[in-house]
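S.K.: If you scroll down you'll find the structure; I have some questions about it.
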Amino acid sequence: MKHEPVLLNEILAALKPVPEDGVLIDATVGLGGHADALLEANPKARLIGIDRDPEALARSRERLVRFGERVTLVRGRHEMLFDILKQHDIEHAAGIVADLGVSSMQLDDAARGFSFRYDAPLDMRMGSEGTTAADLVNSLDEVDLARILREYGEEPMAKRIARAIVSARAGTPIETTTQLAEIIRSVKRSKPHEIDPATLTFQALRIAVNEELVELGRFIVDAVAVLGPGARIAVISFHSLEDRIVKRIFRKLEGQCVCPPGMPVCGCGAQQVVKVLTGRPVTASKDEIDRNPRSRSAKLRIAEKL
């Protein structure tokens, strides 16, 4: 089954028009769905695709092979945008898209350990390096675990779940998704048709493992800096933490102060360099949600470089 990128028509509309010699950036290329459509719609444009997941890059390389030298795929994080463009002698981008968060391929691959739907090693890494979710749940103390669940999962029962994790691992290490999910469900019940009690904890651990919120604001600032005049950036987020960061940085880049209330003098340095084109985030249509349930939580924000 062919991967269906989220909010594809909206992305294509957002990044028009692209000059014939323009360079598009897909900062989270994944399986190449957005990149494929953008290259098809802009037959003279080039595209740089970035992703930290080697498996995703291999899949996108297969999908985009027909575009030949118009495509350059780079393994790395989107926060490395400046360095990546410098290495490829690119000064300005004609459009940038970033589809944040975990991909459907990663969620559906049981071995990656992202989902409690499968019994799998508790990994959750988008790449092949670094700390796993098992490392975190077996090494962090109760206070730090609770903080991660509260801040990254907005889990109201963070303290109780952290305490249960620490208690359970005293007997045997927590090594699989099923083990962790059962520990969470032992202290947090759900009613029929509610989300699984493990959902927020798994989200929190995934964000912590992959440092998904680290430098997200800096990436957006850097991305806007490399856009040419009139070019646009389109960012898709899938949970409120990401969306709040995107909204806040867009507001700052539009010249609105984002300092905490009560500060006598603005210290955030807000300057107007973009026009935000989405007062409210763009969301998926009912038809798209019916075809692709993952799109239900997608939120798209767009800004144009002045």
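How things are named: the first chain in the structure tokens is A, the next is B, and so on; residues count from 1 in each chain; ligands count from 1 in the order shown.
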Using only C-alpha atoms, determine which residues lie at most 9 Å from A:His239, disregarding the query and same-chain residues fewer than 3 positions distant; provide the list as a ChimeraX atom specification.

M.R.: /A:101,242-244,297-299

S.K.: Grab the residues selected above and save them as a PDB file, in the first residue's frame with C-alpha atoms.

M.R.:
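So again_30.pdb came out as:
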ATOM      1  CA  GLY A 101       6.877  13.683  14.619  1.00  0.00           C
ATOM      2  CA  GLU A 242       4.800  21.071  18.817  1.00  0.00           C
ATOM      3  CA  ASP A 243       1.976  23.254  17.571  1.00  0.00           C
ATOM      4  CA  ARG A 244       2.405  25.734  20.432  1.00  0.00           C
ATOM      5  CA  SER A 297      -4.427  15.270  14.613  1.00  0.00           C
ATOM      6  CA  ALA A 298      -2.386  17.073  11.933  1.00  0.00           C
ATOM      7  CA  LYS A 299      -2.128  20.862  12.146  1.00  0.00           C
TER       8      LYS A 299
END

S.K.: So that each row is one residue of stretch 10-115 of chain A with an atom at most 12 Å from stretch 270-285 of chain A, can you give its shortest atom pair and the distance in Å to one decimal, using only C-alpha atoms, rows by chain and rising number, as a Markdown table?

M.R.:
| residue | atom | partner | partner_atom | distance |
| --- | --- | --- | --- | --- |
| A:Glu10 | CA | A:Val282 | CA | 8.1 |
| A:Ile11 | CA | A:Val282 | CA | 10.1 |
| A:Ala13 | CA | A:Val282 | CA | 11.9 |
| A:Ala14 | CA | A:Leu277 | CA | 9.1 |
| A:Leu15 | CA | A:Leu277 | CA | 11.7 |

S.K.: Kindly save the residues from that selection, with C-alpha atoms included, as a PDB file, in the first residue's frame.

M.R.:
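Result file is part.pdb:
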ATOM      1  CA  GLU A  10      -2.688  21.918   1.263  1.00  0.00           C
ATOM      2  CA  ILE A  11       1.111  21.660   1.145  1.00  0.00           C
ATOM      3  CA  ALA A  13      -1.043  25.028  -2.478  1.00  0.00           C
ATOM      4  CA  ALA A  14       1.032  26.550   0.321  1.00  0.00           C
ATOM      5  CA  LEU A  15       4.366  26.311  -1.507  1.00  0.00           C
TER       6      LEU A  15
END

S.K.: Mind running stretch 108-143 of chain A against stretch 154-175 of chain A at 12 Å and telling me each contacting residue's nearest atom pair with the distance in Å (one decimal), counting only C-alpha atoms, chain and number ascending, as JSON lines?

M.R.:
{"residue": "A:Gly113", "atom": "CA", "partner": "A:Glu175", "partner_atom": "CA", "distance": 10.0}
{"residue": "A:Asp119", "atom": "CA", "partner": "A:Glu175", "partner_atom": "CA", "distance": 10.1}
{"residue": "A:Ala120", "atom": "CA", "partner": "A:Glu175", "partner_atom": "CA", "distance": 8.4}
{"residue": "A:Pro121", "atom": "CA", "partner": "A:Glu175", "partner_atom": "CA", "distance": 5.9}
{"residue": "A:Leu122", "atom": "CA", "partner": "A:Glu175", "partner_atom": "CA", "distance": 5.6}
{"residue": "A:Asp123", "atom": "CA", "partner": "A:Glu175", "partner_atom": "CA", "distance": 8.7}
{"residue": "A:Met124", "atom": "CA", "partner": "A:Glu175", "partner_atom": "CA", "distance": 11.9}
{"residue": "A:Thr132", "atom": "CA", "partner": "A:Glu175", "partner_atom": "CA", "distance": 10.1}
{"residue": "A:Ala133", "atom": "CA", "partner": "A:Glu175", "partner_atom": "CA", "distance": 8.9}
{"residue": "A:Ala134", "atom": "CA", "partner": "A:Glu175", "partner_atom": "CA", "distance": 5.7}
{"residue": "A:Asp135", "atom": "CA", "partner": "A:Glu175", "partner_atom": "CA", "distance": 8.8}
{"residue": "A:Leu136", "atom": "CA", "partner": "A:Ile174", "partner_atom": "CA", "distance": 10.0}
{"residue": "A:Val137", "atom": "CA", "partner": "A:Ile165", "partner_atom": "CA", "distance": 7.1}
{"residue": "A:Asn138", "atom": "CA", "partner": "A:Pro173", "partner_atom": "CA", "distance": 6.4}
{"residue": "A:Ser139", "atom": "CA", "partner": "A:Val166", "partner_atom": "CA", "distance": 9.0}
{"residue": "A:Leu140", "atom": "CA", "partner": "A:Val166", "partner_atom": "CA", "distance": 8.6}
{"residue": "A:Asp141", "atom": "CA", "partner": "A:Val166", "partner_atom": "CA", "distance": 7.4}
{"residue": "A:Glu142", "atom": "CA", "partner": "A:Ala162", "partner_atom": "CA", "distance": 5.4}
{"residue": "A:Val143", "atom": "CA", "partner": "A:Ala162", "partner_atom": "CA", "distance": 7.7}

S.K.: Which residue, A:Arg147, A:Arg66, A:Arg218, A:Arg112, has the smallest gap to A:Thr176 when you use only C-alpha atoms?

M.R.: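 Among the listed residues, A:Arg112 lies closest to A:Thr176.
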
S.K.: Go through stretch 11-49 of chain A residue by residue and, counting only C-alpha atoms, keep those with an atom at most 12 Å from stretch 219-226 of chain A; for each kept residue give the shortest atom pair and its distance in Å to one decimal, ordered by chain and increasing number, as a Markdown table.

M.R.:
| residue | atom | partner | partner_atom | distance |
| --- | --- | --- | --- | --- |
| A:Val23 | CA | A:Val226 | CA | 10.8 |
| A:Leu24 | CA | A:Val226 | CA | 11.0 |
| A:Ile25 | CA | A:Ala223 | CA | 9.2 |
| A:Asp26 | CA | A:Ala223 | CA | 10.9 |
| A:Ala27 | CA | A:Ala223 | CA | 9.3 |
| A:Thr28 | CA | A:Phe219 | CA | 11.7 |

S.K.: Using only C-alpha atoms, find the one residue out of A:Gln179, A:Asn9, A:Pro229, A:Ile236 that sits nearest to A:Ala93.

M.R.: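 The closest residue to A:Ala93 is A:Pro229.
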
S.K.: Using backbone DSSP assignments, extract all strand (DSSP E) residues from stretch 69-161 of chain A; output them as a ChimeraX atom specification.

M.R.: /A:71-75,93-99

S.K.: If you measure from atom CA of A:Leu64 to atom CA of A:Asp36, what distance in Å do you get, rounded to one decimal?

M.R.: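 According to the coordinates, atom CA of A:Leu64 and atom CA of A:Asp36 are separated by 6.3 Å.
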
S.K.: How many Å lie between atom CA of A:Gly68 and atom CA of A:Gly228, rounded to one decimal?

M.R.: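 Going from atom CA of A:Gly68 over to atom CA of A:Gly228 covers 24.7 Å.
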
S.K.: To one decimal place, how far is atom CA of A:Asp51 from atom CA of A:Met126 in Å?

M.R.: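 According to the coordinates, atom CA of A:Asp51 and atom CA of A:Met126 are separated by 9.3 Å.
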
S.K.: If you count only C-alpha atoms, which residues fall within 6 Å of stretch 190-198 of chain A, apart from same-chain ones fewer than 4 positions away, as a PyMOL selection string?

M.R.: chain A and resi 181+184-185
